[in-house]
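Accompanying notes for the structure given below.
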Number of protein chains: 2
Amino acid sequence: MKFFVRDIDISSGGVPVALINFEDATKLDIHVGDRIIVKKGKRKAHVVVDIASSEKVIDQGEIGLFDEVLKLLHAQAYDKIDVELADKPSTVQYIKDKLQGYELNDKQMDAIIADVVHHRLTDVELAYFISACEVYGMSMKETVSITKATVNNSDTLKFKNKIIVDKHCTGGVPGNRTTMILVPMMLAAGLTMPKTSSRAITSPAGTADTMEILSKVEISLPELTKITRKIGGFIAWGGSMNLAAADDKLIRIRNPLSLDPEGLLLSSIMAKKAAVGSTHVIIDIPVGKDIKIKTKKQANHLRNKFIELGKKLGIKVTVIVTDGSQPIGYGMGASLEARDCLQVLRNEPDAPQDLRKKSIYLASKIIDMVKKHIKDPRAKKLSSTKYAEELLDSGRAYEKMKEMIMAQGGNPNILPDEIELGEYAYHYKAKKKGRITSIDNKMISKIARTLGSPVDKGSGLFLKVKRGYSVKKGDTMFIAYACNKEKMNFAKKFFDKAVKVK
Amino acid sequence: MKFFVRDIDISSGGVPVALINFEDATKLDIHVGDRIIVKKGKRKAHVVVDIASSEKVIDQGEIGLFDEVLKLLHAQAYDKIDVELADKPSTVQYIKDKLQGYELNDKQMDAIIADVVHHRLTDVELAYFISACEVYGMSMKETVSITKATVNNSDTLKFKNKIIVDKHCTGGVPGNRTTMILVPMMLAAGLTMPKTSSRAITSPAGTADTMEILSKVEISLPELTKITRKIGGFIAWGGSMNLAAADDKLIRIRNPLSLDPEGLLLSSIMAKKAAVGSTHVIIDIPVGKDIKIKTKKQANHLRNKFIELGKKLGIKVTVIVTDGSQPIGYGMGASLEARDCLQVLRNEPDAPQDLRKKSIYLASKIIDMVKKHIKDPRAKKLSSTKYAEELLDSGRAYEKMKEMIMAQGGNPNILPDEIELGEYAYHYKAKKKGRITSIDNKMISKIARTLGSPVDKGSGLFLKVKRGYSVKKGDTMFIAYACNKEKMNFAKKFFDKAVKVK
């Protein structure tokens with residue numbers, strides 16, 4: 001059947017859609033989500049049908065095509081094109097199999113991921129895939145398959161170095177910006193650490209947001225490869241690269257119900273590590289009652305899965321289970337966290353010691369794994385912890401941070417105090433004398449986000465206390481920063497809930 | 001945040017979407033599928049966010065809104081409107097609960113179905129709901145809930161009559177047009193039978209397609225109510241009414257993976273019966289190895305479920321399990337099937353006796369259920385089967401059919417031979433002497449559809465043989481009809497596969 005083209009000037013970046021009239025659809029026995037091939041001369045494109053319910057939208061005999069499809073066909077509005085029914089991709093049957101409880105093999109998983117990346121599956125079909133992974137779980141074999149498939153269908157970074165170290169944290173603890181300290185430490189030890197990080201999703205700031213205070217973080221793959229060759233690594237926003245693209249697309253479908261099947265959680269993390277060629281990875285699993293991983297048991301279960309998956313991928317994994325019961329560092333919010341990190345790297349006396357200690361602990365665990373590959377003679381002489389301390393104390397990590405900031409287009413000489421904060425500041429004071437018994441991670445995040453984080457970089461809060469500190473009535477417990485008065489006032493109603501004094 | 005409106009001139013009839021730019025979405029921390037409220041003055045509308053991946057589509061600061069949303073807001077292109085984040089409907093949590101294996105209660109199911117009808121759930125969210133129903137199944141309690149919810153959120157037909165009879169067939173047998181004979185029989189007995197039927201999905205013709213040869217089938221609810229009051233019933237296309245609207249929307253999501261969870265199958269059928277006020281329903285479950293219900297065991301399981309669900313809804317259900325191993329009647333295709341039906345009603349000697357017998361059997365089962373409510377004194381004197389035969393043999397059913405055709409705007413005096421067939425006819429002949437051992441339902445449907453059914457009304461095939469018949473070499477086994485030569489030639493390659501001779 002022939003149709004006249006209408007140019008539909010939208011596209012959401014998903015599977016390309018063709019809109020046809022309800023009557024035409026009935027005549028052709030086509031339903032929403034069916035595949036058709038649109039053809040002009042020798043050019044053709046596969047698209048998914050959506051049905052317009054009124055003539056106002058698409059008249060009989062018309063077909064609405066997105067820009068990307070018109071480009072493929074070299075077609076334009078009012079052209080006459082051919083339409084043919086097409087088969088569903090075979091991956092739709094694999095998804096149905098998984099939804100009926102069958103295990104998928106390497107080939108099937110790879111085909112699904114390839115179709116995800118190339119927009120050949122609709123959101124509805126992907127939702128069925130996610131459901132199946134959620135309800136039946138994924139075997140370790142399937143988890144390995146999907147991780148490999150994600151890497152196979154991804155841009156990758158390739159280096160000649162035999163050893164590439166990496167780090168991941170399962171998250172939930174505000175202020176936990178160890179990556180910003182760990183990467184320059186590892187680079188100072190002569191190791192390679194091409195670090196892709198994320199922006200905040202529910203926290204005041206992600207590592208990418210924080211690094212962005214000091215330099216660019218959206219950098220092309222060739223540029224990042226050059227930087228890595230020159231100074232050993234970088235800290236960049238993973239979302240700006242096409243690394244593990246399938247994963248981002250699946251997360252989009254997982255979001256509406258916040259589904260987090262374990263197999264996808266594991267593969268999501270490990271695929272990103274594999275895509276940059278990591279050989280040794282440290283994974284930080286903070287445990288706390290108000291964060292993602294709530295119990296040691298959960299953390300240990302996940303630890304074993306990470307190690308097992310790593311083995312199958314040829315990646316050495318060390319997992320540390322850490323205290324996630326309160327925020328780490330003083331600053332919560334991109335600029336405040338960047339200040340914290342610079343202070344630790346500069347060995348300033350006011351630097352947050354918990355952030356320093358945790359960074360040293362993480363570094364020592366990586367050093368444990370790769371010590372024999374470190375050329376620096378000090379690595380062999382000192383214990384891993386002492387060597388990690390030395391990397392910081394000597395200022396060599398800070399020097400590397402400055403090199404990295406410069407390589408990523410920032411000002412390497414910026415001092416912590418020079419990082420601008422929101423112009424509205426409010427000192428929240430203790431209402432009574434006592435000891436701090438708890439600081440609520442979720443409430444701290446909520447306050448920082450209400451103050452404007454992560455959009456207003458200078459907003460957030462600066463903790464003057466930690467659990468166990470004693471306060472007198474009138475002592476400042478935290479300083480809240482905002483870029484406008486409304487946000488400050490709006491945030492105030494949560495202030496009483498953040499820190500408990502007894 | 002304020003946005004400038006862009007008028008996006010499409011809409012697929014699903015949940016209303018607002019398109020915003022990728023950068024704005026990042027700033028506002030909004031993801032695909034999130035809900036926002038768009039406001040102009042006091043008017044507001046809830047919409048779901050989709051994210052445009054390029055400036056070409058939606059610029060920063062712009063929001064693309066569908067026509068239906070603009071109407072709600074009394075807004076137009078270039079207007080400035082407000083955008084606020086909105087919560088997800090609470091039904092999203094119910095769907096997540098179901099996906100984690102919990103049973104949903106009446107209230108939750110009703111809320112889901114209301115949100116389905118009012119376009120408040122996205123396709124992805126609905127796919128999760130269908131998955132959950134598929135994987136965990138639905139308890140009888142849930143099946144009752146969703147059936148009631150579908151009726152509560154549906155247009156309905158209301159009559160004062162105490163007894164309203166109805167019929168359903170689970171399908172798969174070509175030519176099985178008993179409804180066309182049963183309805184006039186029931187009307188002749190003085191019963192009320194407001195019959196909504198479907199069009200063909202995978203068969204050569206549905207009852208609605210076949211009735212459409214004789215009269216209109218897309219008729220408004222008030223008109224149908226009038227017709228029912230006057231003559232006792234009608235045969236109309238259910239799709240043109242808003243009966244059980246939720247069901248149609250769920251089927252749209254079930255289609256991509258052809259998912260058919262039992263609870264939804266049951267509720268889909270029974271909701272439509274309840275929406276027209278049925279009190280007594282006969283359900284025909286044909287069993288055959290190449291159709292939907294393949295074994296007697298499956299059929300008996302389904303029978304029990306139908307009866308149980310009927311009880312909970314206050315509907316008396318009789319289920320008959322019938323032979324679905326070969327087509328019924330001679331004609332396959334809307335016009336050919338309409339001819340068959342008229343011949344049976346007119347008691348013509350050439351009328352297909354299998355179609356007549358099955359219609360009488362179905363009628364007798366309904367009469368069994370409602371005999372005491374039939375005022376016609378013959379009903380009490382005769383056995384149900386004899387009375388059913390009498391309704392046909394006396395010509396009273398045919399008279400009712402003529403009344404119905406007239407009431408639905410058709411020509412009541414049309415004779416079977418006057419119904420036009422495709423101008424191309426091909427006599428397919430036996431290649432050897434022998435007995436007919438089988439006729440393949442699926443292949444017969446495929447041939448009829450390749451010949452042009454259900455779009456070309458006059459296309460299809462006319463069987464001259466049934467299983468058990470003997471043929472000589474050269475005997476015509478069926479006549480194929482098409483409206484153009486290409487379709488005939490295309491269909492020919494399947495002809496050898498339809499009828500087996502041994």
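Lettering and numbering for the structure tokens are positional, with chains as A, B, ... in the shown order, residues counted from 1 in each chain, and ligands counted from 1 in the shown order.
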Quick check: residues of chain A within 9 Å of chain B, only C-alpha atoms, returned as an mmCIF file with C-alpha atoms, in the first residue's frame.
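Result saved to iface.cif:
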data_model
loop_
_atom_site.group_PDB
_atom_site.id
_atom_site.type_symbol
_atom_site.label_atom_id
_atom_site.label_comp_id
_atom_site.auth_asym_id
_atom_site.auth_seq_id
_atom_site.Cartn_x
_atom_site.Cartn_y
_atom_site.Cartn_z
ATOM 1 C CA ILE A 8 6.241 14.706 12.186
ATOM 2 C CA ASP A 9 8.641 17.109 13.749
ATOM 3 C CA ILE A 10 9.278 15.242 16.968
ATOM 4 C CA SER A 11 11.310 12.328 18.165
ATOM 5 C CA SER A 12 12.068 11.188 21.641
ATOM 6 C CA GLY A 13 15.168 9.275 20.665
ATOM 7 C CA LEU A 19 1.815 7.247 12.664
ATOM 8 C CA THR A 26 -7.942 -1.452 10.411
ATOM 9 C CA LYS A 27 -7.805 -2.041 6.656
ATOM 10 C CA LEU A 28 -4.233 -3.312 6.842
ATOM 11 C CA ASP A 29 -4.930 -5.270 10.033
ATOM 12 C CA HIS A 31 -1.982 -2.852 15.509
ATOM 13 C CA VAL A 32 -0.082 -0.467 17.740
ATOM 14 C CA GLY A 33 3.447 -1.765 18.137
ATOM 15 C CA ASP A 34 3.452 -3.772 14.904
ATOM 16 C CA ASP A 50 1.425 4.037 16.335
ATOM 17 C CA ILE A 51 -2.164 4.730 15.452
ATOM 18 C CA ALA A 52 -3.610 8.222 15.269
ATOM 19 C CA SER A 53 -7.121 8.266 16.589
ATOM 20 C CA SER A 54 -8.364 11.252 14.603
ATOM 21 C CA LYS A 56 -6.991 15.874 12.484
ATOM 22 C CA VAL A 57 -3.714 14.203 13.320
ATOM 23 C CA ILE A 58 -3.106 11.907 10.372
ATOM 24 C CA GLY A 64 3.606 10.465 9.763
ATOM 25 C CA LYS A 88 8.879 -8.678 14.836
ATOM 26 C CA VAL A 92 10.614 -10.408 21.102
ATOM 27 C CA GLN A 93 10.293 -14.188 21.346
ATOM 28 C CA ILE A 95 11.749 -11.812 25.896
ATOM 29 C CA LYS A 96 8.574 -13.888 25.942
ATOM 30 C CA LEU A 99 8.851 -13.989 30.825
ATOM 31 C CA GLN A 100 7.818 -17.625 30.928
ATOM 32 C CA GLY A 101 10.740 -18.480 33.164
ATOM 33 C CA ASP A 123 9.369 0.514 25.472
ATOM 34 C CA VAL A 124 6.562 -1.974 26.093
ATOM 35 C CA GLU A 125 8.715 -4.890 24.933
ATOM 36 C CA LEU A 126 11.595 -3.683 27.098
ATOM 37 C CA ALA A 127 9.256 -3.404 30.083
ATOM 38 C CA TYR A 128 8.408 -7.088 29.606
ATOM 39 C CA ILE A 130 12.727 -5.919 32.801
ATOM 40 C CA SER A 131 9.699 -7.589 34.422
ATOM 41 C CA ALA A 132 11.056 -11.012 33.596
ATOM 42 C CA GLU A 134 12.741 -8.725 38.152
ATOM 43 C CA VAL A 135 10.375 -11.618 38.780
ATOM 44 C CA ILE A 201 20.217 11.167 40.871
ATOM 45 C CA ARG A 252 14.920 4.531 31.465
ATOM 46 C CA ILE A 253 12.421 1.659 31.481
ATOM 47 C CA ASN A 255 12.674 4.122 36.407
ATOM 48 C CA PRO A 256 8.855 4.305 36.368
ATOM 49 C CA LEU A 257 8.582 1.493 38.919
ATOM 50 C CA SER A 258 12.109 1.965 40.364
ATOM 51 C CA LEU A 259 12.863 -1.657 39.512
ATOM 52 C CA PRO A 454 22.494 19.636 42.224
ATOM 53 C CA VAL A 455 21.305 22.389 39.849
#
8 Å contact set for Tyr94 of chain A, only C-alpha atoms, chain neighbours under 6 positions out, as a list in words =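 Everything that qualifies: Leu104, Gln108 and Ile112 of chain A.
Residue nearest Lys305 of chain A within the list A:Gly263, A:Pro286, A:Gly474, A:Pro184: A:Gly263 [criterion: smallest interatomic distance, only C-alpha atoms].
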Enumerate, as a list of chain:residue names, the complete set of residues in segment 401-485 of chain A that a backbone-based DSSP assignment places in helix (DSSP H, G or I).
->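 Here are the helix (DSSP H, G or I) residues of segment 401-485 of chain A: A:Met401, A:Lys402, A:Glu403, A:Met404, A:Ile405, A:Met406, A:Ala407, A:Pro416, A:Asp417, A:Glu418, A:Asn441, A:Lys442, A:Met443, A:Ile444, A:Ser445, A:Lys446, A:Ile447, A:Ala448, A:Arg449, A:Thr450, A:Leu451, A:Lys485.
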Fewer than 3 positions away in the same chain doesn't count, so skip those; otherwise give me all residues within 8 Å of Val317 of chain B, counting only C-alpha atoms, as a PyMOL selection string.
-> chain B and resi 280-283+306-307+310-311
Save the residues we just selected, N, CA and C atoms, as a PDB file, in the first residue's frame?
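Dumped to result-v4.pdb:
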ATOM      1  N   HIS B 280     -27.850 -14.581  31.609  1.00  0.00           N
ATOM      2  CA  HIS B 280     -27.605 -15.975  31.246  1.00  0.00           C
ATOM      3  C   HIS B 280     -26.706 -16.029  30.016  1.00  0.00           C
ATOM      4  N   VAL B 281     -25.596 -16.696  30.157  1.00  0.00           N
ATOM      5  CA  VAL B 281     -24.614 -16.687  29.068  1.00  0.00           C
ATOM      6  C   VAL B 281     -24.239 -18.112  28.698  1.00  0.00           C
ATOM      7  N   ILE B 282     -24.206 -18.372  27.414  1.00  0.00           N
ATOM      8  CA  ILE B 282     -23.683 -19.657  26.949  1.00  0.00           C
ATOM      9  C   ILE B 282     -22.302 -19.411  26.345  1.00  0.00           C
ATOM     10  N   ILE B 283     -21.338 -20.232  26.749  1.00  0.00           N
ATOM     11  CA  ILE B 283     -19.982 -20.064  26.222  1.00  0.00           C
ATOM     12  C   ILE B 283     -19.590 -21.330  25.473  1.00  0.00           C
ATOM     13  N   PHE B 306     -15.048 -20.100  34.129  1.00  0.00           N
ATOM     14  CA  PHE B 306     -16.140 -19.258  33.614  1.00  0.00           C
ATOM     15  C   PHE B 306     -17.357 -19.351  34.528  1.00  0.00           C
ATOM     16  N   ILE B 307     -17.677 -20.587  34.942  1.00  0.00           N
ATOM     17  CA  ILE B 307     -18.868 -20.785  35.772  1.00  0.00           C
ATOM     18  C   ILE B 307     -18.680 -20.111  37.129  1.00  0.00           C
ATOM     19  N   GLY B 310     -18.791 -16.366  36.710  1.00  0.00           N
ATOM     20  CA  GLY B 310     -20.185 -16.006  36.488  1.00  0.00           C
ATOM     21  C   GLY B 310     -20.949 -15.939  37.803  1.00  0.00           C
ATOM     22  N   LYS B 311     -20.776 -16.959  38.634  1.00  0.00           N
ATOM     23  CA  LYS B 311     -21.463 -16.997  39.944  1.00  0.00           C
ATOM     24  C   LYS B 311     -21.176 -15.744  40.747  1.00  0.00           C
TER      25      LYS B 311
END
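Taking atom CA of Pro412 of chain B and atom CA of Ser359 of chain B as the two end points, the separation is 21.0 Å.
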Within 12 Å of Thr318 of chain A using only C-alpha atoms, minus same-chain residues under 3 positions, as a PyMOL selection string = chain A and resi 165-169+279-285+300+302-311+315+321+362-370
File of the preceding selection, N, CA and C atoms, as an mmCIF file, in the first residue's frame:
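The resulting file, result04.cif, is shown below:
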data_model
loop_
_atom_site.group_PDB
_atom_site.id
_atom_site.type_symbol
_atom_site.label_atom_id
_atom_site.label_comp_id
_atom_site.auth_asym_id
_atom_site.auth_seq_id
_atom_site.Cartn_x
_atom_site.Cartn_y
_atom_site.Cartn_z
ATOM 1 N N VAL A 165 42.985 0.381 36.927
ATOM 2 C CA VAL A 165 42.221 0.265 38.163
ATOM 3 C C VAL A 165 40.940 1.099 38.080
ATOM 4 N N ASP A 166 39.960 0.706 38.872
ATOM 5 C CA ASP A 166 38.680 1.394 38.839
ATOM 6 C C ASP A 166 38.008 1.244 40.203
ATOM 7 N N LYS A 167 36.972 2.024 40.390
ATOM 8 C CA LYS A 167 36.299 2.045 41.685
ATOM 9 C C LYS A 167 34.817 2.272 41.466
ATOM 10 N N HIS A 168 33.996 1.671 42.330
ATOM 11 C CA HIS A 168 32.565 1.959 42.278
ATOM 12 C C HIS A 168 32.014 1.975 43.702
ATOM 13 N N CYS A 169 30.990 2.789 43.895
ATOM 14 C CA CYS A 169 30.315 2.804 45.193
ATOM 15 C C CYS A 169 28.820 2.641 44.952
ATOM 16 N N THR A 279 40.989 -3.731 34.940
ATOM 17 C CA THR A 279 41.478 -5.060 35.325
ATOM 18 C C THR A 279 41.320 -5.295 36.828
ATOM 19 N N HIS A 280 41.344 -4.226 37.613
ATOM 20 C CA HIS A 280 41.234 -4.336 39.072
ATOM 21 C C HIS A 280 40.239 -3.295 39.580
ATOM 22 N N VAL A 281 39.224 -3.759 40.254
ATOM 23 C CA VAL A 281 38.162 -2.844 40.670
ATOM 24 C C VAL A 281 37.917 -2.971 42.167
ATOM 25 N N ILE A 282 37.806 -1.835 42.819
ATOM 26 C CA ILE A 282 37.389 -1.833 44.226
ATOM 27 C C ILE A 282 35.945 -1.357 44.284
ATOM 28 N N ILE A 283 35.120 -2.098 45.015
ATOM 29 C CA ILE A 283 33.723 -1.709 45.149
ATOM 30 C C ILE A 283 33.407 -1.429 46.608
ATOM 31 N N ASP A 284 32.888 -0.241 46.835
ATOM 32 C CA ASP A 284 32.548 0.236 48.181
ATOM 33 C C ASP A 284 31.044 0.034 48.382
ATOM 34 N N ILE A 285 30.683 -0.800 49.348
ATOM 35 C CA ILE A 285 29.256 -0.985 49.657
ATOM 36 C C ILE A 285 28.966 -0.408 51.035
ATOM 37 N N ASN A 300 27.079 -8.537 52.047
ATOM 38 C CA ASN A 300 27.935 -9.700 51.827
ATOM 39 C C ASN A 300 27.454 -10.531 50.648
ATOM 40 N N LEU A 302 25.898 -9.361 48.047
ATOM 41 C CA LEU A 302 26.275 -8.599 46.861
ATOM 42 C C LEU A 302 27.783 -8.706 46.606
ATOM 43 N N ARG A 303 28.574 -8.686 47.690
ATOM 44 C CA ARG A 303 30.023 -8.809 47.568
ATOM 45 C C ARG A 303 30.383 -10.080 46.788
ATOM 46 N N ASN A 304 29.765 -11.195 47.214
ATOM 47 C CA ASN A 304 30.075 -12.468 46.556
ATOM 48 C C ASN A 304 29.696 -12.455 45.083
ATOM 49 N N LYS A 305 28.549 -11.823 44.789
ATOM 50 C CA LYS A 305 28.099 -11.753 43.402
ATOM 51 C C LYS A 305 29.058 -10.910 42.555
ATOM 52 N N PHE A 306 29.505 -9.779 43.122
ATOM 53 C CA PHE A 306 30.444 -8.916 42.395
ATOM 54 C C PHE A 306 31.744 -9.662 42.104
ATOM 55 N N ILE A 307 32.222 -10.396 43.116
ATOM 56 C CA ILE A 307 33.500 -11.102 42.946
ATOM 57 C C ILE A 307 33.347 -12.209 41.897
ATOM 58 N N GLU A 308 32.209 -12.932 41.971
ATOM 59 C CA GLU A 308 31.964 -14.023 41.024
ATOM 60 C C GLU A 308 31.841 -13.478 39.588
ATOM 61 N N LEU A 309 31.059 -12.403 39.438
ATOM 62 C CA LEU A 309 30.889 -11.820 38.110
ATOM 63 C C LEU A 309 32.233 -11.314 37.588
ATOM 64 N N GLY A 310 32.996 -10.662 38.460
ATOM 65 C CA GLY A 310 34.327 -10.180 38.079
ATOM 66 C C GLY A 310 35.187 -11.322 37.545
ATOM 67 N N LYS A 311 35.194 -12.434 38.248
ATOM 68 C CA LYS A 311 35.995 -13.601 37.823
ATOM 69 C C LYS A 311 35.640 -14.027 36.409
ATOM 70 N N ILE A 315 38.021 -9.794 35.597
ATOM 71 C CA ILE A 315 38.328 -8.566 36.349
ATOM 72 C C ILE A 315 38.479 -8.929 37.818
ATOM 73 N N VAL A 321 32.945 -3.399 52.667
ATOM 74 C CA VAL A 321 31.646 -3.038 53.227
ATOM 75 C C VAL A 321 31.927 -1.970 54.281
ATOM 76 N N LEU A 362 40.409 2.916 50.887
ATOM 77 C CA LEU A 362 40.123 2.455 49.519
ATOM 78 C C LEU A 362 41.411 2.303 48.711
ATOM 79 N N ALA A 363 42.272 3.315 48.816
ATOM 80 C CA ALA A 363 43.542 3.285 48.072
ATOM 81 C C ALA A 363 44.377 2.082 48.492
ATOM 82 N N SER A 364 44.423 1.830 49.803
ATOM 83 C CA SER A 364 45.260 0.725 50.293
ATOM 84 C C SER A 364 44.761 -0.607 49.749
ATOM 85 N N LYS A 365 43.445 -0.723 49.587
ATOM 86 C CA LYS A 365 42.864 -1.966 49.075
ATOM 87 C C LYS A 365 43.210 -2.162 47.592
ATOM 88 N N ILE A 366 43.243 -1.061 46.861
ATOM 89 C CA ILE A 366 43.664 -1.184 45.454
ATOM 90 C C ILE A 366 45.156 -1.530 45.401
ATOM 91 N N ILE A 367 45.923 -0.839 46.236
ATOM 92 C CA ILE A 367 47.380 -1.094 46.247
ATOM 93 C C ILE A 367 47.654 -2.564 46.586
ATOM 94 N N ASP A 368 46.890 -3.103 47.557
ATOM 95 C CA ASP A 368 47.001 -4.533 47.873
ATOM 96 C C ASP A 368 46.895 -5.390 46.611
ATOM 97 N N MET A 369 45.955 -5.025 45.756
ATOM 98 C CA MET A 369 45.693 -5.839 44.562
ATOM 99 C C MET A 369 46.789 -5.737 43.523
ATOM 100 N N VAL A 370 47.399 -4.546 43.378
ATOM 101 C CA VAL A 370 48.257 -4.315 42.204
ATOM 102 C C VAL A 370 49.698 -3.949 42.588
#
Could you tell me how far atom CA of Leu336 of chain A lies from atom CA of Lys429 of chain A, in Å and to one decimal?
-> 19.3 Å
